[in-house]
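Engineer: After the C-alpha cells below, expect a handful of questions from me.
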Amino acid sequence: MTTPRALPAQLDSDDDVVTLWGLVIEGYLATHQGLMDEIAERFGLAPAPFDILLRLVRSPERRMPMTRLAHEAALTSGGFTKVADRMVAADLIRREPCETDRRVIYAALTDHGTEIADKARAACAEILRRRVLAPLGPEAAAGLAETMRTLRSANGK
C-alpha cells in the first residue's frame, strides 16, 4: 500500500488536475473491484447480472422493460440479451410480455432471483459499510455521493 500524498491546496498545474482525477478513478476502481470480487465469491455473480438484479429488486413489481434495463445497465441490446439468457437459465429472471403493448418484454425476477437479489443487496450494503463508510465516515461518504451526483448532472446523465 502506498502512502497517501497530500493534494495541493490549489490545482494550478495540469499535472495537479490530472493527478486529482486519477486518484478519484483509482479509488473508485479499487473499491468497485473489491466489492465485485466479494459478490462473485459469495454469490457467483458477475458485475452485469449483479447490477441487473439490484435494479430489478428495487423496481415496482420487481420487473422492468428489457430495453430500459439494458440502457440503465449500460449494455448493448446484444450484450444484454446474452446476460439475460444466462440469467433465465439460472432461474434468476423470466421474460414477461407486456399486457398492453406486445412490443414490450419485461425482465422480471423469479422467486429464486428475488431471494438471491435480496441476499446480494444485503451483502453489498455490508461490504460498502466496511469498504466505504468505515474509512470515510458517514459525513464524508454522504459528501462523496453528493459530489458524484453533481458530476453526473453536470456531465449529462
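Identifiers in the C-alpha cells: chain A, B, ... in order shown; residue index from 1 per chain; ligand index from 1 in order shown.
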Report as a PyMOL selection string all protein, DNA and RNA residues lying within 12 Å of Cys98 (chain A), evaluated on only C-alpha atoms, omitting residues in the same chain fewer than 6 positions from it.
Structural biologist: chain A and resi 63-66+104-108
Engineer: Which residues are close to region 31-44 of chain A, i.e. within 8 Å by only C-alpha atoms, leaving aside same-chain residues fewer than 5 positions away? Reply as a VMD selection string.
Structural biologist: chain A and resid 116 120 123 to 124 127 to 128 131 to 132
Engineer: Where does DSSP see helix (DSSP H, G or I) in chain A, if you list the residues as a PyMOL selection string?
Structural biologist: chain A and resi 14-43+47-57+60-62+66-72+77-89+111-136+138-154
